[in-house]
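Source file: run.cif (mmCIF, C-alpha atoms; chains and numbers go by the auth columns)
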```
data_final
loop_
_atom_site.group_PDB
_atom_site.id
_atom_site.type_symbol
_atom_site.label_atom_id
_atom_site.label_comp_id
_atom_site.label_asym_id
_atom_site.label_seq_id
_atom_site.Cartn_x
_atom_site.Cartn_y
_atom_site.Cartn_z
_atom_site.B_iso_or_equiv
_atom_site.auth_seq_id
_atom_site.auth_asym_id
ATOM 1 C CA MET A 1 -67.644 51.534 111.466 0.00 111 A
ATOM 2 C CA THR A 2 -66.835 54.466 109.168 0.00 112 A
ATOM 3 C CA THR A 3 -63.428 54.857 107.548 0.00 113 A
ATOM 4 C CA ARG A 4 -62.913 58.116 109.446 0.00 114 A
ATOM 5 C CA LEU A 5 -63.682 56.554 112.828 0.00 115 A
ATOM 6 C CA TYR A 6 -61.465 53.551 112.103 0.00 116 A
ATOM 7 C CA ALA A 7 -58.602 55.879 111.219 0.00 117 A
ATOM 8 C CA LEU A 8 -59.040 57.789 114.461 0.00 118 A
ATOM 9 C CA ILE A 9 -58.943 54.627 116.527 0.00 119 A
ATOM 10 C CA MET A 10 -55.815 53.396 114.757 0.00 120 A
ATOM 11 C CA SER A 11 -54.146 56.782 115.093 0.00 121 A
ATOM 12 C CA ALA A 12 -54.584 56.683 118.861 0.00 122 A
ATOM 13 C CA LEU A 13 -52.336 53.644 118.933 0.00 123 A
ATOM 14 C CA VAL A 14 -49.366 55.421 117.363 0.00 124 A
ATOM 15 C CA LEU A 15 -47.597 58.731 117.902 0.00 125 A
ATOM 16 C CA SER A 16 -50.290 61.337 117.506 0.00 126 A
ATOM 17 C CA GLY A 17 -49.993 63.852 114.717 0.00 127 A
ATOM 18 C CA CYS A 18 -47.054 62.058 113.056 0.00 128 A
ATOM 19 C CA ALA A 19 -47.778 60.969 109.501 0.00 129 A
ATOM 20 C CA ALA A 20 -47.531 57.229 108.953 0.00 130 A
ATOM 21 C CA VAL A 21 -45.435 57.565 105.824 0.00 131 A
ATOM 22 C CA ALA A 22 -42.828 59.736 107.491 0.00 132 A
ATOM 23 C CA THR A 23 -42.750 57.645 110.638 0.00 133 A
ATOM 24 C CA THR A 24 -42.279 54.377 108.814 0.00 134 A
ATOM 25 C CA ALA A 25 -39.575 55.746 106.564 0.00 135 A
ATOM 26 C CA ALA A 26 -37.821 57.489 109.418 0.00 136 A
ATOM 27 C CA THR A 27 -37.724 54.317 111.469 0.00 137 A
ATOM 28 C CA GLY A 28 -36.303 52.481 108.508 0.00 138 A
ATOM 29 C CA VAL A 29 -33.226 54.699 108.397 0.00 139 A
ATOM 30 C CA GLY A 30 -32.761 54.869 112.147 0.00 140 A
ATOM 31 C CA VAL A 31 -34.167 58.346 112.648 0.00 141 A
ATOM 32 C CA ALA A 32 -36.533 57.010 115.288 0.00 142 A
ATOM 33 C CA THR A 33 -33.656 57.435 117.724 0.00 143 A
ATOM 34 C CA ALA A 34 -34.183 61.186 117.339 0.00 144 A
ATOM 35 C CA GLN A 35 -37.592 61.072 119.051 0.00 145 A
ATOM 36 C CA ASP A 36 -37.502 63.910 121.578 0.00 146 A
ATOM 37 C CA ARG A 37 -40.389 62.613 123.708 0.00 147 A
ATOM 38 C CA SER A 38 -39.952 60.116 126.496 0.00 148 A
ATOM 39 C CA TYR A 39 -42.220 57.084 126.645 0.00 149 A
ATOM 40 C CA GLY A 40 -44.324 58.787 129.311 0.00 150 A
ATOM 41 C CA GLU A 41 -44.639 61.981 127.268 0.00 151 A
ATOM 42 C CA SER A 42 -45.720 60.006 124.220 0.00 152 A
ATOM 43 C CA VAL A 43 -48.356 58.205 126.291 0.00 153 A
ATOM 44 C CA ASP A 44 -49.679 61.542 127.599 0.00 154 A
ATOM 45 C CA ASP A 45 -49.899 62.965 124.083 0.00 155 A
ATOM 46 C CA ASN A 46 -51.650 59.874 122.757 0.00 156 A
ATOM 47 C CA LEU A 47 -54.170 59.956 125.588 0.00 157 A
ATOM 48 C CA ILE A 48 -54.909 63.636 124.940 0.00 158 A
ATOM 49 C CA TYR A 49 -55.375 62.844 121.246 0.00 159 A
ATOM 50 C CA ALA A 50 -57.726 59.931 121.926 0.00 160 A
ATOM 51 C CA LYS A 51 -59.773 61.753 124.556 0.00 161 A
ATOM 52 C CA LEU A 52 -60.239 64.845 122.408 0.00 162 A
ATOM 53 C CA ASN A 53 -61.380 62.804 119.429 0.00 163 A
ATOM 54 C CA GLU A 54 -63.782 61.015 121.745 0.00 164 A
ATOM 55 C CA LYS A 55 -65.172 64.397 122.763 0.00 165 A
ATOM 56 C CA PHE A 56 -65.543 65.325 119.102 0.00 166 A
ATOM 57 C CA LEU A 57 -67.359 62.044 118.468 0.00 167 A
ATOM 58 C CA ASN A 58 -69.813 62.703 121.294 0.00 168 A
ATOM 59 C CA ALA A 59 -70.319 66.391 120.564 0.00 169 A
ATOM 60 C CA ASP A 60 -73.491 67.723 119.003 0.00 170 A
ATOM 61 C CA VAL A 61 -71.495 69.299 116.147 0.00 171 A
ATOM 62 C CA ASN A 62 -71.118 66.869 113.242 0.00 172 A
ATOM 63 C CA ASP A 63 -68.487 69.016 111.533 0.00 173 A
ATOM 64 C CA LEU A 64 -65.950 68.410 114.316 0.00 174 A
ATOM 65 C CA LEU A 65 -65.055 64.766 113.831 0.00 175 A
ATOM 66 C CA VAL A 66 -65.126 64.932 110.052 0.00 176 A
ATOM 67 C CA ASN A 67 -63.287 68.180 109.342 0.00 177 A
ATOM 68 C CA VAL A 68 -61.024 68.976 112.309 0.00 178 A
ATOM 69 C CA THR A 69 -57.575 67.404 112.654 0.00 179 A
ATOM 70 C CA VAL A 70 -56.013 67.050 116.104 0.00 180 A
ATOM 71 C CA ASN A 71 -52.226 67.316 116.452 0.00 181 A
ATOM 72 C CA VAL A 72 -50.548 66.841 119.852 0.00 182 A
ATOM 73 C CA ARG A 73 -46.920 67.424 120.854 0.00 183 A
ATOM 74 C CA HIS A 74 -45.702 67.835 124.436 0.00 184 A
ATOM 75 C CA LYS A 75 -49.260 68.460 125.678 0.00 185 A
ATOM 76 C CA ARG A 76 -49.712 71.235 123.104 0.00 186 A
ATOM 77 C CA VAL A 77 -52.809 70.740 120.958 0.00 187 A
ATOM 78 C CA MET A 78 -52.946 72.206 117.449 0.00 188 A
ATOM 79 C CA LEU A 79 -56.325 72.119 115.717 0.00 189 A
ATOM 80 C CA THR A 80 -56.420 72.399 111.931 0.00 190 A
ATOM 81 C CA GLY A 81 -58.932 71.884 109.152 0.00 191 A
ATOM 82 C CA ASN A 82 -61.824 73.473 107.282 0.00 192 A
ATOM 83 C CA VAL A 83 -65.225 73.872 108.915 0.00 193 A
ATOM 84 C CA GLU A 84 -68.504 75.413 107.844 0.00 194 A
ATOM 85 C CA LYS A 85 -69.116 77.733 110.789 0.00 195 A
ATOM 86 C CA GLU A 86 -67.084 79.878 113.169 0.00 196 A
ATOM 87 C CA GLU A 87 -68.985 78.301 116.049 0.00 197 A
ATOM 88 C CA THR A 88 -67.499 74.922 115.152 0.00 198 A
ATOM 89 C CA ALA A 89 -63.948 76.221 115.421 0.00 199 A
ATOM 90 C CA ALA A 90 -64.696 77.785 118.795 0.00 200 A
ATOM 91 C CA ARG A 91 -66.360 74.593 120.027 0.00 201 A
ATOM 92 C CA ALA A 92 -63.316 72.532 119.030 0.00 202 A
ATOM 93 C CA ALA A 93 -61.005 74.756 121.078 0.00 203 A
ATOM 94 C CA GLN A 94 -63.400 74.679 124.029 0.00 204 A
ATOM 95 C CA LEU A 95 -63.432 70.885 124.030 0.00 205 A
ATOM 96 C CA ALA A 96 -59.643 70.744 123.731 0.00 206 A
ATOM 97 C CA TRP A 97 -59.226 72.797 126.898 0.00 207 A
ATOM 98 C CA GLN A 98 -61.489 70.341 128.724 0.00 208 A
ATOM 99 C CA VAL A 99 -59.052 67.459 128.196 0.00 209 A
ATOM 100 C CA GLN A 100 -56.874 66.725 131.205 0.00 210 A
ATOM 101 C CA LYS A 101 -53.135 67.569 130.974 0.00 211 A
ATOM 102 C CA VAL A 102 -53.489 69.934 127.990 0.00 212 A
ATOM 103 C CA ASP A 103 -51.082 72.864 128.436 0.00 213 A
ATOM 104 C CA GLU A 104 -51.836 74.850 125.289 0.00 214 A
ATOM 105 C CA VAL A 105 -54.484 74.930 122.557 0.00 215 A
ATOM 106 C CA ILE A 106 -53.555 76.418 119.188 0.00 216 A
ATOM 107 C CA ASN A 107 -56.648 76.978 117.070 0.00 217 A
ATOM 108 C CA GLU A 108 -55.750 77.146 113.377 0.00 218 A
ATOM 109 C CA ILE A 109 -59.134 75.965 112.102 0.00 219 A
ATOM 110 C CA ILE A 110 -60.329 77.791 108.992 0.00 220 A
ATOM 111 C CA VAL A 111 -63.940 78.575 108.158 0.00 221 A
ATOM 112 C CA ALA A 112 -64.167 77.540 104.499 0.00 222 A
ATOM 113 C CA PRO A 113 -67.474 75.830 103.667 0.00 223 A
ATOM 114 C CA ASP A 114 -66.743 75.674 99.931 0.00 224 A
ATOM 115 C CA THR A 115 -63.645 73.458 100.170 0.00 225 A
ATOM 116 C CA SER A 116 -63.698 70.808 97.446 0.00 226 A
ATOM 117 C CA ALA A 117 -62.425 67.244 97.310 0.00 227 A
ATOM 118 C CA TRP A 118 -59.767 68.479 94.897 0.00 228 A
ATOM 119 C CA ASP A 119 -58.513 70.976 97.495 0.00 229 A
ATOM 120 C CA VAL A 120 -58.241 68.209 100.096 0.00 230 A
ATOM 121 C CA ALA A 121 -56.382 65.911 97.695 0.00 231 A
ATOM 122 C CA ASN A 122 -53.989 68.700 96.743 0.00 232 A
ATOM 123 C CA ASP A 123 -53.236 69.450 100.398 0.00 233 A
ATOM 124 C CA LEU A 124 -52.522 65.769 101.042 0.00 234 A
ATOM 125 C CA ALA A 125 -50.086 65.654 98.114 0.00 235 A
ATOM 126 C CA ILE A 126 -48.283 68.763 99.391 0.00 236 A
ATOM 127 C CA LYS A 127 -48.068 67.264 102.884 0.00 237 A
ATOM 128 C CA LYS A 128 -46.562 63.989 101.699 0.00 238 A
ATOM 129 C CA ASN A 129 -44.054 65.828 99.517 0.00 239 A
ATOM 130 C CA LEU A 130 -43.037 68.079 102.412 0.00 240 A
ATOM 131 C CA GLU A 131 -42.672 65.137 104.801 0.00 241 A
ATOM 132 C CA THR A 132 -40.397 63.395 102.332 0.00 242 A
ATOM 133 C CA ARG A 133 -38.273 66.490 101.770 0.00 243 A
ATOM 134 C CA LEU A 134 -37.874 67.101 105.502 0.00 244 A
ATOM 135 C CA LEU A 135 -36.999 63.456 106.055 0.00 245 A
ATOM 136 C CA LEU A 136 -34.187 63.762 103.520 0.00 246 A
ATOM 137 C CA THR A 137 -32.868 67.019 104.952 0.00 247 A
ATOM 138 C CA LYS A 138 -29.751 66.738 107.068 0.00 248 A
ATOM 139 C CA ASP A 139 -30.111 67.711 110.736 0.00 249 A
ATOM 140 C CA VAL A 140 -33.872 68.117 110.564 0.00 250 A
ATOM 141 C CA TRP A 141 -35.705 65.655 112.794 0.00 251 A
ATOM 142 C CA VAL A 142 -39.157 65.493 111.219 0.00 252 A
ATOM 143 C CA ILE A 143 -40.163 62.655 113.554 0.00 253 A
ATOM 144 C CA ASN A 144 -40.490 65.334 116.247 0.00 254 A
ATOM 145 C CA TYR A 145 -42.985 67.414 114.259 0.00 255 A
ATOM 146 C CA SER A 146 -46.681 67.281 113.486 0.00 256 A
ATOM 147 C CA ILE A 147 -47.524 68.605 110.029 0.00 257 A
ATOM 148 C CA ASP A 148 -50.799 69.534 108.403 0.00 258 A
ATOM 149 C CA VAL A 149 -51.648 71.359 105.190 0.00 259 A
ATOM 150 C CA VAL A 150 -54.915 73.226 104.730 0.00 260 A
ATOM 151 C CA ASN A 151 -55.682 75.192 101.561 0.00 261 A
ATOM 152 C CA GLY A 152 -51.976 75.290 100.719 0.00 262 A
ATOM 153 C CA THR A 153 -50.958 76.592 104.154 0.00 263 A
ATOM 154 C CA VAL A 154 -48.493 74.450 106.094 0.00 264 A
ATOM 155 C CA TYR A 155 -48.880 74.186 109.864 0.00 265 A
ATOM 156 C CA LEU A 156 -45.963 72.883 111.923 0.00 266 A
ATOM 157 C CA LEU A 157 -46.027 71.829 115.574 0.00 267 A
ATOM 158 C CA GLY A 158 -43.236 70.344 117.678 0.00 268 A
ATOM 159 C CA ASN A 159 -39.762 70.858 119.064 0.00 269 A
ATOM 160 C CA CYS A 160 -36.433 71.514 117.365 0.00 270 A
ATOM 161 C CA TYR A 161 -33.051 70.926 118.930 0.00 271 A
ATOM 162 C CA THR A 162 -31.551 74.167 117.604 0.00 272 A
ATOM 163 C CA GLU A 163 -32.539 77.424 115.939 0.00 273 A
ATOM 164 C CA ALA A 164 -30.618 76.254 112.867 0.00 274 A
ATOM 165 C CA GLU A 165 -32.828 73.176 112.649 0.00 275 A
ATOM 166 C CA ARG A 166 -35.970 75.276 112.877 0.00 276 A
ATOM 167 C CA GLU A 167 -34.807 77.682 110.180 0.00 277 A
ATOM 168 C CA LYS A 168 -33.859 74.819 107.894 0.00 278 A
ATOM 169 C CA ALA A 169 -37.236 73.139 108.398 0.00 279 A
ATOM 170 C CA LEU A 170 -39.066 76.389 107.643 0.00 280 A
ATOM 171 C CA SER A 171 -36.951 76.956 104.537 0.00 281 A
ATOM 172 C CA VAL A 172 -37.823 73.509 103.211 0.00 282 A
ATOM 173 C CA ALA A 173 -41.517 74.100 103.926 0.00 283 A
ATOM 174 C CA ARG A 174 -41.544 77.471 102.180 0.00 284 A
ATOM 175 C CA THR A 175 -39.859 76.086 99.057 0.00 285 A
ATOM 176 C CA THR A 176 -42.065 73.003 98.723 0.00 286 A
ATOM 177 C CA SER A 177 -44.194 72.999 95.584 0.00 287 A
ATOM 178 C CA GLY A 178 -47.751 74.179 96.143 0.00 288 A
ATOM 179 C CA VAL A 179 -47.128 75.790 99.532 0.00 289 A
ATOM 180 C CA LYS A 180 -48.686 79.255 99.805 0.00 290 A
ATOM 181 C CA LYS A 181 -47.867 80.034 103.426 0.00 291 A
ATOM 182 C CA VAL A 182 -46.104 78.486 106.440 0.00 292 A
ATOM 183 C CA VAL A 183 -47.395 78.859 110.002 0.00 293 A
ATOM 184 C CA SER A 184 -44.836 77.673 112.524 0.00 294 A
ATOM 185 C CA HIS A 185 -45.483 76.526 116.066 0.00 295 A
ATOM 186 C CA LEU A 186 -42.056 74.914 116.285 0.00 296 A
ATOM 187 C CA ARG A 187 -40.148 75.586 119.509 0.00 297 A
ATOM 188 C CA VAL A 188 -36.414 75.365 120.101 0.00 298 A
ATOM 189 C CA ALA A 189 -36.173 73.007 123.053 0.00 299 A
ATOM 190 C CA GLY A 190 -32.383 72.734 123.158 0.00 300 A
ATOM 191 C CA GLY A 191 -30.499 69.592 123.974 0.00 301 A
ATOM 192 C CA THR A 192 -27.949 67.703 121.923 0.00 302 A
ATOM 193 C CA PRO A 193 -29.107 66.486 118.510 0.00 303 A
ATOM 194 C CA PRO A 194 -28.492 62.804 117.798 0.00 304 A
ATOM 195 C CA GLY A 195 -25.473 61.861 115.725 0.00 305 A
ATOM 196 C CA LEU A 196 -27.670 61.102 112.727 0.00 306 A
ATOM 197 C CA GLY A 197 -28.607 63.207 109.737 0.00 307 A
ATOM 198 C CA GLY A 198 -30.808 62.950 106.729 0.00 308 A
ATOM 199 C CA ALA A 199 -29.614 61.740 103.395 0.00 309 A
ATOM 200 C CA SER A 200 -28.873 65.121 101.892 0.00 310 A
ATOM 201 C CA ASP A 201 -28.715 68.865 102.492 0.00 311 A
ATOM 202 C CA GLN A 202 -31.344 71.149 101.009 0.00 312 A
#
```

Kindly transcribe the structure held in the file into structure tokens.
Amino acid sequence: MTTRLYALIMSALVLSGCAAVATTAATGVGVATAQDRSYGESVDDNLIYAKLNEKFLNADVNDLLVNVTVNVRHKRVMLTGNVEKEETAARAAQLAWQVQKVDEVINEIIVAPDTSAWDVANDLAIKKNLETRLLLTKDVWVINYSIDVVNGTVYLLGNCYTEAEREKALSVARTTSGVKKVVSHLRVAGGTPPGLGGASDQ
């Protein structure tokens, strides 16, 4: 079993699109109570995630499983990553729409065949730094977001309780070292934020 396939299988067992580092840390300080998805909604999202990755695995396009990242929040699918051909990006979106219960497909896949291992490592470092900063930001509930970074561009998917939360999250993303651009698919869902905050304002 390849490392990539093993990671996909393990990811299907947890909240899809939520980075393990942020989730573990958030749970440790009680932020897990801020999860805006019900148990049933989380199950739906995880099933969508698993089924779409299964479709990628069985597709006749090798680039899909290796280079496309699937993020799912409230039945909204965001596709990110670098691929070699435009046809691959279109195929990924087509397969996403074939998965039952998907309400929206957001295709943010980039055609960049010359991406290096250094670029990937740099994006991962930016992502981890951003996750940590958001986790430590008061009244920002990063556990409700999916985050990816591709070529220095940050992609955000999920729900915010208030417009103020969304603006604060975007401000943190824009001021994170190495970030060139922020693409937001965060929605203001309303509701009452939990009586918890992060450790500090930013």

(message) Report, in Å with one decimal, the straight-line distance from CA of Thr190 in chain A to CA of Val209 in chain A.
(response) 17.2 Å

Using the chain letters and numbers from the file, give me the residues hit by the PyMOL selection byres ((chain A and resi 258) around 9), as a PDB file with C-alpha atoms, in the coordinates of the input.
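Result written to selection-v2.pdb:
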```pdb
ATOM      1  CA  GLY A 127     -49.993  63.852 114.717  1.00  0.00           C
ATOM      2  CA  THR A 179     -57.575  67.404 112.654  1.00  0.00           C
ATOM      3  CA  ASN A 181     -52.226  67.316 116.452  1.00  0.00           C
ATOM      4  CA  THR A 190     -56.420  72.399 111.931  1.00  0.00           C
ATOM      5  CA  GLY A 191     -58.932  71.884 109.152  1.00  0.00           C
ATOM      6  CA  ASP A 233     -53.236  69.450 100.398  1.00  0.00           C
ATOM      7  CA  LEU A 234     -52.522  65.769 101.042  1.00  0.00           C
ATOM      8  CA  LYS A 237     -48.068  67.264 102.884  1.00  0.00           C
ATOM      9  CA  SER A 256     -46.681  67.281 113.486  1.00  0.00           C
ATOM     10  CA  ILE A 257     -47.524  68.605 110.029  1.00  0.00           C
ATOM     11  CA  VAL A 259     -51.648  71.359 105.190  1.00  0.00           C
ATOM     12  CA  VAL A 260     -54.915  73.226 104.730  1.00  0.00           C
ATOM     13  CA  THR A 263     -50.958  76.592 104.154  1.00  0.00           C
ATOM     14  CA  VAL A 264     -48.493  74.450 106.094  1.00  0.00           C
ATOM     15  CA  TYR A 265     -48.880  74.186 109.864  1.00  0.00           C
ATOM     16  CA  LEU A 266     -45.963  72.883 111.923  1.00  0.00           C
ATOM     17  CA  LEU A 267     -46.027  71.829 115.574  1.00  0.00           C
TER      18      LEU A 267
END
```

(request) Translate the PyMOL selection byres ((chain A and resi 198) around 12), as applied to the file shown, into an explicit residue set as an MDAnalysis selection string. (result) chainID A and resid 166 169:178 189:197 199:205 217 219:223

(message) The residues within 12 Å of (-41.7, 73.1, 100.0), using all atoms listed in the file and the coordinates of the file, should be reported as a PyMOL selection string; which are they?
(response) chain A and resi 235-244+247+259+262-264+278-292+312

(request) Can you work out which one of A:Asp154, A:Glu277, A:Asp224, A:Asp213 has the shortest atom-to-atom distance to Val250 in chain A, counting all atoms listed in the file? (result) A:Glu277

(message) Just the number, please: distance in Å from CA of Tyr149 in chain A to CA of Gly268 in chain A, one decimal.
(response)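 Rounded to one decimal, the two atoms are 16.0 Å apart.
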
Return as JSON the box centre and box size in Å, one decimal, for an axis-aligned box around all listed atoms of range 189-208 of chain A padded by 5 Å per side.
```
{"center_x": -62.7, "center_y": 75.1, "center_z": 118.0, "size_x": 22.8, "size_y": 19.5, "size_z": 31.4}
```

(request) Kindly give the distance, in Å, that separates CA of Leu296 in chain A and CA of Asn261 in chain A, rounded to a single decimal. (result)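 We find that CA of Leu296 in chain A and CA of Asn261 in chain A lie 20.1 Å from each other.
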
(request) Determine, counting all atoms listed in the file, which protein, DNA and RNA residues have an atom within 6 Å of an atom of range 300-302 of chain A; residues of the same chain fewer than 2 positions away are not included. Present the result as a list in words. (result)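 After dropping sequence-adjacent residues, the list is Tyr271, Thr272 and Val298 of chain A.
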
(message) Taking all atoms listed in the file into account, name the residue in A:Lys165, A:Arg147, A:His295, A:His184 that is nearest to Ile216 in chain A.
(response)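 Answer, going by the shortest atom-to-atom distance: A:His295.
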
(message) Using all atoms listed in the file for the distances, tell me which of A:Val187, A:Val153, A:Glu218, A:Ala299 is nearest to Asn254 in chain A.
(response)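 When distances to Asn254 in chain A are compared using all atoms listed in the file, the smallest one comes from A:Ala299.
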